[in-house]
>>> print(open('data.txt').read())   # compact mmCIF, C-alpha atoms
# COMPACT_ATOMS: atom_id res chain seq x y z
CA MET A 1 -2.22 -48.35 25.99
CA SER A 2 -3.18 -51.53 24.14
CA GLU A 3 -6.79 -52.23 23.09
CA GLY A 4 -9.10 -53.88 25.61
CA VAL A 5 -6.85 -53.09 28.59
CA GLU A 6 -7.98 -50.28 30.86
CA SER A 7 -5.31 -47.67 31.53
CA SER A 8 -4.04 -47.37 35.09
CA THR A 9 -3.71 -43.57 34.88
CA TRP A 10 -6.50 -40.97 34.75
CA THR A 11 -4.95 -39.30 31.70
CA GLY A 12 -5.01 -42.64 29.87
CA ARG A 13 -8.62 -43.28 30.86
CA VAL A 14 -9.66 -39.76 29.74
CA ARG A 15 -7.85 -40.33 26.42
CA ASP A 16 -9.50 -43.72 25.88
CA ALA A 17 -12.95 -42.31 26.72
CA GLY A 18 -12.34 -39.35 24.38
CA VAL A 19 -11.26 -41.54 21.48
CA ALA A 20 -14.21 -43.89 22.08
CA ALA A 21 -16.71 -41.02 22.13
CA PHE A 22 -15.10 -39.07 19.29
CA PRO A 23 -13.20 -41.25 16.81
CA PRO A 24 -11.29 -38.98 14.40
CA ASP A 25 -13.62 -39.64 11.45
CA ARG A 26 -16.62 -38.65 13.58
CA LEU A 27 -14.90 -35.60 15.14
CA LEU A 28 -13.82 -34.20 11.76
CA PRO A 29 -16.01 -35.90 9.15
CA ASP A 30 -15.36 -35.27 5.45
CA SER A 31 -18.87 -36.22 4.30
CA GLN A 32 -22.44 -35.80 5.54
CA PRO A 33 -25.74 -37.62 4.82
CA VAL A 34 -27.48 -36.53 1.60
CA TYR A 35 -30.30 -34.75 3.47
CA VAL A 36 -27.79 -32.20 4.82
CA ALA A 37 -27.64 -30.69 1.30
CA SER A 38 -30.27 -28.06 2.14
CA TRP A 39 -30.01 -24.35 2.93
CA VAL A 40 -31.78 -24.88 6.25
CA TYR A 41 -28.73 -26.83 7.50
CA VAL A 42 -26.41 -23.89 6.78
CA PHE A 43 -27.54 -21.58 9.58
CA GLY A 44 -25.70 -23.38 12.37
CA VAL A 45 -22.32 -22.79 10.76
CA LEU A 46 -23.34 -19.22 9.82
CA THR A 47 -24.06 -18.62 13.51
CA LEU A 48 -20.62 -19.99 14.36
CA ALA A 49 -18.97 -17.75 11.75
CA ALA A 50 -20.76 -14.67 13.12
CA PHE A 51 -19.72 -15.67 16.65
CA THR A 52 -16.08 -15.81 15.53
CA VAL A 53 -16.34 -12.26 14.15
CA VAL A 54 -18.01 -11.13 17.39
CA LEU A 55 -15.12 -12.57 19.44
CA LEU A 56 -12.39 -11.12 17.19
CA SER A 57 -13.91 -7.62 16.98
CA GLY A 58 -14.61 -7.72 20.73
CA ALA A 59 -10.99 -8.68 21.40
CA VAL A 60 -9.76 -5.72 19.32
CA ILE A 61 -11.93 -3.16 21.12
CA ALA A 62 -11.06 -4.69 24.50
CA LEU A 63 -7.35 -4.36 23.73
CA ALA A 64 -7.59 -0.79 22.47
CA GLY A 65 -9.97 0.46 25.15
CA PRO A 66 -12.93 2.87 25.41
CA ALA A 67 -10.92 6.01 24.58
CA TRP A 68 -10.13 4.44 21.20
CA TRP A 69 -13.52 2.98 20.26
CA HIS A 70 -15.34 6.22 21.19
CA THR A 71 -13.05 8.75 19.53
CA SER A 72 -11.28 7.34 16.44
CA SER A 73 -12.79 6.47 13.05
CA LEU A 74 -11.27 3.00 13.11
CA GLY A 75 -12.52 2.52 16.66
CA HIS A 76 -16.06 3.44 15.57
CA TYR A 77 -15.76 1.03 12.65
CA VAL A 78 -14.61 -1.93 14.79
CA ASN A 79 -17.28 -1.08 17.36
CA SER A 80 -19.87 -1.22 14.56
CA VAL A 81 -18.45 -4.53 13.28
CA HIS A 82 -18.91 -5.87 16.82
CA LEU A 83 -22.55 -4.67 16.90
CA TRP A 84 -23.55 -5.86 13.44
CA SER A 85 -21.83 -9.25 13.76
CA THR A 86 -23.86 -9.68 16.96
CA GLU A 87 -27.04 -8.78 15.04
CA LEU A 88 -26.14 -11.41 12.41
CA PHE A 89 -25.25 -13.93 15.16
CA PHE A 90 -28.76 -13.64 16.60
CA PHE A 91 -30.40 -13.54 13.16
CA PHE A 92 -28.73 -16.79 12.07
CA MET A 93 -29.22 -18.41 15.47
CA VAL A 94 -32.98 -17.75 15.43
CA VAL A 95 -33.36 -19.18 11.91
CA HIS A 96 -31.23 -22.19 13.02
CA LEU A 97 -33.47 -22.60 16.09
CA TRP A 98 -36.66 -22.48 13.98
CA GLY A 99 -35.24 -25.05 11.57
CA LYS A 100 -34.30 -27.44 14.38
CA PHE A 101 -37.60 -26.90 16.22
CA PHE A 102 -39.68 -27.84 13.17
CA MET A 103 -37.40 -30.86 12.59
CA ALA A 104 -37.91 -31.94 16.23
CA ALA A 105 -34.11 -32.04 16.43
CA TRP A 106 -34.13 -33.59 19.92
CA ARG A 107 -35.03 -36.98 18.38
CA GLY A 108 -32.55 -39.87 18.40
CA ARG A 109 -30.87 -39.22 21.78
CA ARG A 110 -30.20 -35.60 20.82
CA ALA A 111 -31.96 -34.02 23.84
CA MET A 112 -28.69 -32.61 25.24
CA THR A 113 -27.82 -31.16 21.81
CA TRP A 114 -31.15 -29.31 21.82
CA ILE A 115 -30.75 -28.21 25.46
CA THR A 116 -27.20 -26.88 25.04
CA GLY A 117 -28.38 -24.95 21.96
CA ALA A 118 -31.35 -23.46 23.80
CA VAL A 119 -29.22 -22.53 26.84
CA SER A 120 -26.58 -20.98 24.51
CA PHE A 121 -29.36 -18.79 23.10
CA LEU A 122 -30.41 -17.63 26.57
CA VAL A 123 -26.84 -16.95 27.75
CA SER A 124 -26.16 -15.10 24.48
CA ILE A 125 -29.09 -12.78 25.27
CA ALA A 126 -27.51 -12.01 28.66
CA THR A 127 -24.16 -11.39 26.96
CA ALA A 128 -25.69 -8.99 24.43
CA PHE A 129 -27.59 -7.27 27.25
CA THR A 130 -24.38 -6.56 29.17
CA GLY A 131 -22.92 -5.28 25.88
CA TYR A 132 -25.70 -2.70 25.63
CA LEU A 133 -24.97 -1.76 29.27
CA SER A 134 -21.27 -1.22 28.39
CA GLN A 135 -21.85 1.44 25.72
CA GLN A 136 -21.14 4.35 28.13
CA ASN A 137 -23.91 6.51 26.67
CA PHE A 138 -27.49 7.57 27.44
CA ASP A 139 -28.78 4.39 25.80
CA SER A 140 -26.90 2.16 28.25
CA GLN A 141 -27.97 4.40 31.14
CA TRP A 142 -31.61 4.11 30.05
CA ILE A 143 -31.42 0.31 29.64
CA GLY A 144 -29.74 -0.07 33.07
CA GLY A 145 -32.33 2.19 34.69
CA GLN A 146 -35.20 0.22 33.13
CA ALA A 147 -33.72 -3.20 34.01
CA LYS A 148 -32.58 -2.63 37.59
CA ASP A 149 -35.92 -3.02 39.41
CA GLY A 150 -36.89 -6.27 37.75
CA LEU A 151 -33.47 -7.86 38.18
CA ASN A 152 -32.96 -6.61 41.74
CA ALA A 153 -36.42 -7.92 42.69
CA SER A 154 -35.28 -11.38 41.61
CA GLY A 155 -32.43 -11.19 44.16
CA ILE A 156 -29.65 -11.33 41.60
CA GLY A 157 -28.58 -7.71 42.17
CA ALA A 158 -25.73 -8.57 44.58
CA TYR A 159 -23.81 -10.32 41.79
CA PHE A 160 -25.37 -8.74 38.73
CA ASN A 161 -25.96 -5.02 39.37
CA VAL A 162 -26.93 -3.44 36.05
CA LEU A 163 -26.03 0.05 37.34
CA ASN A 164 -22.46 -1.05 38.11
CA TYR A 165 -20.62 -0.32 34.86
CA GLY A 166 -17.36 -2.05 35.83
CA GLN A 167 -19.16 -5.23 36.88
CA MET A 168 -21.27 -5.30 33.70
CA LEU A 169 -18.20 -4.76 31.50
CA LEU A 170 -16.39 -7.67 33.15
CA TRP A 171 -19.43 -9.92 32.82
CA HIS A 172 -19.54 -8.89 29.15
CA VAL A 173 -15.87 -9.36 28.24
CA LEU A 174 -15.03 -12.44 30.33
CA LEU A 175 -17.63 -14.49 32.16
CA LEU A 176 -20.51 -14.55 29.70
CA PRO A 177 -18.46 -14.98 26.48
CA LEU A 178 -16.62 -17.84 28.21
CA ALA A 179 -19.97 -19.45 29.09
CA VAL A 180 -21.31 -18.99 25.54
CA GLY A 181 -18.06 -20.33 24.05
CA LEU A 182 -18.09 -23.44 26.26
CA LEU A 183 -21.78 -24.08 25.56
CA ILE A 184 -21.25 -23.74 21.80
CA ALA A 185 -18.21 -26.04 21.96
CA GLY A 186 -20.25 -28.63 23.88
CA HIS A 187 -23.14 -28.20 21.42
CA ILE A 188 -20.86 -28.85 18.42
CA LEU A 189 -19.25 -31.89 20.09
CA LEU A 190 -22.73 -33.31 20.73
CA VAL A 191 -23.65 -32.72 17.07
CA ARG A 192 -20.48 -34.65 16.13
CA ARG A 193 -21.30 -37.43 18.59
CA ARG A 194 -24.97 -37.96 17.62
CA GLY A 195 -24.77 -36.75 14.02
CA VAL A 196 -26.93 -34.20 12.21
CA VAL A 197 -30.63 -34.83 12.79
CA PRO A 198 -32.43 -36.30 9.75
CA PRO A 199 -35.63 -34.71 8.40
CA LEU A 200 -38.86 -36.08 9.94
CA PRO A 201 -40.05 -38.30 7.04
CA ALA A 202 -36.57 -39.79 6.61
CA GLU A 203 -36.48 -40.97 10.22
CA LYS A 204 -40.01 -42.45 9.98
CA GLU A 205 -38.88 -44.52 6.99
CA GLU A 206 -35.90 -45.77 8.97
CA GLN A 207 -38.00 -46.98 11.93
CA MET B 1 -8.28 12.29 -13.90
CA PRO B 2 -9.56 15.54 -12.37
CA LEU B 3 -13.14 14.67 -13.38
CA ARG B 4 -12.77 11.17 -11.99
CA GLY B 5 -11.39 12.55 -8.76
CA ARG B 6 -14.17 15.09 -8.46
CA GLY B 7 -16.80 12.42 -9.12
CA SER B 8 -15.49 10.10 -6.45
CA THR B 9 -15.33 12.99 -3.96
CA LEU B 10 -18.93 13.87 -4.78
CA LEU B 11 -19.95 10.23 -4.36
CA ARG B 12 -18.20 10.10 -1.00
CA MET B 13 -20.14 13.17 0.13
CA VAL B 14 -23.53 12.08 -1.22
CA GLU B 15 -23.46 8.36 -0.40
CA PRO B 16 -23.98 8.66 3.38
CA THR B 17 -26.85 11.11 2.76
CA ILE B 18 -28.56 8.68 0.39
CA LEU B 19 -28.12 5.78 2.79
CA GLY B 20 -29.26 7.97 5.68
CA ALA B 21 -32.42 8.87 3.78
CA VAL B 22 -33.34 5.19 3.38
CA VAL B 23 -32.87 4.26 7.04
CA ASP B 24 -32.53 7.05 9.59
CA LEU B 25 -30.68 5.31 12.40
CA ASN B 26 -30.32 8.50 14.43
CA GLY B 27 -33.98 9.50 14.42
CA SER B 28 -36.56 8.59 17.02
CA PRO B 29 -38.05 5.12 16.38
CA ARG B 30 -41.46 4.70 14.74
CA TYR B 31 -43.92 2.08 15.89
CA VAL B 32 -46.75 -0.09 14.58
CA HIS B 33 -49.50 0.25 17.19
CA GLN B 34 -52.85 -1.57 16.95
CA GLY B 35 -54.61 -1.95 20.31
CA TRP B 36 -52.42 -4.16 22.52
CA PHE B 37 -49.97 -4.80 19.67
CA LEU B 38 -46.93 -2.51 19.76
CA ILE B 39 -43.66 -3.05 17.90
CA SER B 40 -41.04 -0.79 16.34
CA TYR B 41 -40.67 -0.83 12.56
CA ALA B 42 -37.02 -1.89 13.04
CA ASN B 43 -37.90 -4.98 15.10
CA LEU B 44 -40.84 -5.84 12.82
CA SER B 45 -38.56 -5.59 9.75
CA VAL B 46 -35.98 -7.95 11.29
CA ILE B 47 -38.66 -10.51 12.26
CA LEU B 48 -40.23 -10.41 8.77
CA LEU B 49 -36.77 -10.74 7.20
CA MET B 50 -35.99 -13.79 9.38
CA ILE B 51 -39.28 -15.43 8.34
CA ALA B 52 -38.51 -14.68 4.66
CA VAL B 53 -34.97 -16.11 4.94
CA PHE B 54 -36.32 -19.21 6.73
CA ALA B 55 -38.93 -19.78 3.99
CA LEU B 56 -36.30 -19.30 1.26
CA ALA B 57 -33.91 -21.71 3.03
CA ILE B 58 -36.57 -24.43 2.86
CA TRP B 59 -37.81 -23.59 -0.63
CA LEU B 60 -34.61 -22.88 -2.59
CA PRO B 61 -32.69 -25.91 -3.91
CA PHE B 62 -29.19 -26.35 -2.55
CA PRO B 63 -26.44 -26.28 -5.24
CA GLY B 64 -25.31 -29.80 -6.03
CA ALA B 65 -28.12 -31.47 -4.08
CA GLN B 66 -29.33 -34.75 -5.59
CA LYS B 67 -33.03 -35.42 -6.10
CA ASP B 68 -32.77 -39.22 -5.70
CA GLU B 69 -34.92 -40.99 -3.13
>>> encode(input="data.txt", output="structure tokens")
Amino acid sequence: MSEGVESSTWTGRVRDAGVAAFPPDRLLPDSQPVYVASWVYVFGVLTLAAFTVVLLSGAVIALAGPAWWHTSSLGHYVNSVHLWSTELFFFFMVVHLWGKFFMAAWRGRRAMTWITGAVSFLVSIATAFTGYLSQQNFDSQWIGGQAKDGLNASGIGAYFNVLNYGQMLLWHVLLLPLAVGLLIAGHILLVRRRGVVPPLPAEKEEQ
Amino acid sequence: MPLRGRGSTLLRMVEPTILGAVVDLNGSPRYVHQGWFLISYANLSVILLMIAVFALAIWLPFPGAQKDE
């Protein structure tokens, strides 16, 4: 479709809106502002790297099944990779969150970037929680037993019954990772759209 | 070769014991408890480590970063 003429099809309009919101050099930039050269800006991508390892190790243990991850050495190893990459995911995400909080990273029309990040954190906690419930051991039984009264009292028990192993496993391997993945994808697209937030003094000088 | 082989076998046997002595992940958890404040050593260690990493991330210079204003 030529420039300045609105497309008559919805696919054309979606494409035009997408290209307008995310020109290629903004979607995949090859340079960043000078203030990004700081270790505190590294933790977002470290979180993303840990999340990738979580997804890959989770996919392997989902394919091989509980009989494999509970009984074989390799299964134990991949299960541990899944656990420790999750620990690193949360570790990096919390440091990233602290960094962005003290930068007031919601400045400059970045409120939705902050909100999608915060909601990703909350949904990630739910995802990790269902992971603990899927261990098939006394630990998961204890956690389910402790959590059931509080969650059932909130009225969520009909759809989220922590004593229902099959339901918790499906929440853990499909619904919640999908939600976290979509939220993280939206978060990254918003970072691309609005740019990386500058440090506080730098923005004051600009105003 | 035999000595080398024996050494590596010994290391394989001893290494998990040494690591297990540093952090006993199978034991019952220990807690810091002062009045209303109660936290496991494991959780406290992770929180202190996150604070230390955050402070270092702000303090340490980034390789290749320019100092120009």
>>> residues_around(input="data.txt", residues="B:Phe54", least_positions_apart="6", cutoff="10 Å", atoms="all atoms listed in the file", output="ChimeraX atom specification")
/A:39-40,43,92,94-96,98-99 /B:48
>>> residues_around(input="data.txt", residues="A:Pro177", least_positions_apart="3", cutoff="9 Å", atoms="only C-alpha atoms", output="list of chain:residue names")
A:Leu55, A:Val123, A:Ser124, A:Thr127, A:Trp171, A:His172, A:Val173, A:Leu174, A:Val180, A:Gly181, A:Leu182
>>> closest_residue(input="data.txt", among="A:Ser134, A:Thr9, A:Ser120, A:Ser38", to="chain B", atoms="only C-alpha atoms")
A:Ser38
>>> atom_distance(input="data.txt", atom1="atom CA of A:Gln136", atom2="atom CA of A:Ala158")
21.4 Å
>>> atom_distance(input="data.txt", atom1="atom CA of A:Thr130", atom2="atom CA of A:Ser72")
23.0 Å
>>> closest_residue(input="data.txt", among="B:Ile39, B:Ala57, B:Pro63, B:Val32", to="chain A", atoms="all atoms listed in the file")
B:Ala57
>>> closest_atom_pairs(input="data.txt", of="chain B", to="chain A", cutoff="7 Å", atoms="only C-alpha atoms", output="Markdown table")
| residue | atom | partner | partner_atom | distance |
| --- | --- | --- | --- | --- |
| B:Met50 | CA | A:Val95 | CA | 6.5 |
| B:Phe54 | CA | A:Val95 | CA | 6.0 |
| B:Ala57 | CA | A:Trp39 | CA | 4.7 |
| B:Ile58 | CA | A:Val40 | CA | 5.9 |
| B:Pro61 | CA | A:Ser38 | CA | 6.9 |
| B:Phe62 | CA | A:Ser38 | CA | 5.1 |
| B:Ala65 | CA | A:Ala37 | CA | 5.5 |
>>> atom_distance(input="data.txt", atom1="atom CA of A:Leu122", atom2="atom CA of A:Leu176")
10.8 Å
>>> residues_around(input="data.txt", residues="A:Gly150", least_positions_apart="6", cutoff="12 Å", atoms="all atoms listed in the file", output="NGL selection string")
:A and (143-144 or 156-157 or 160-162)
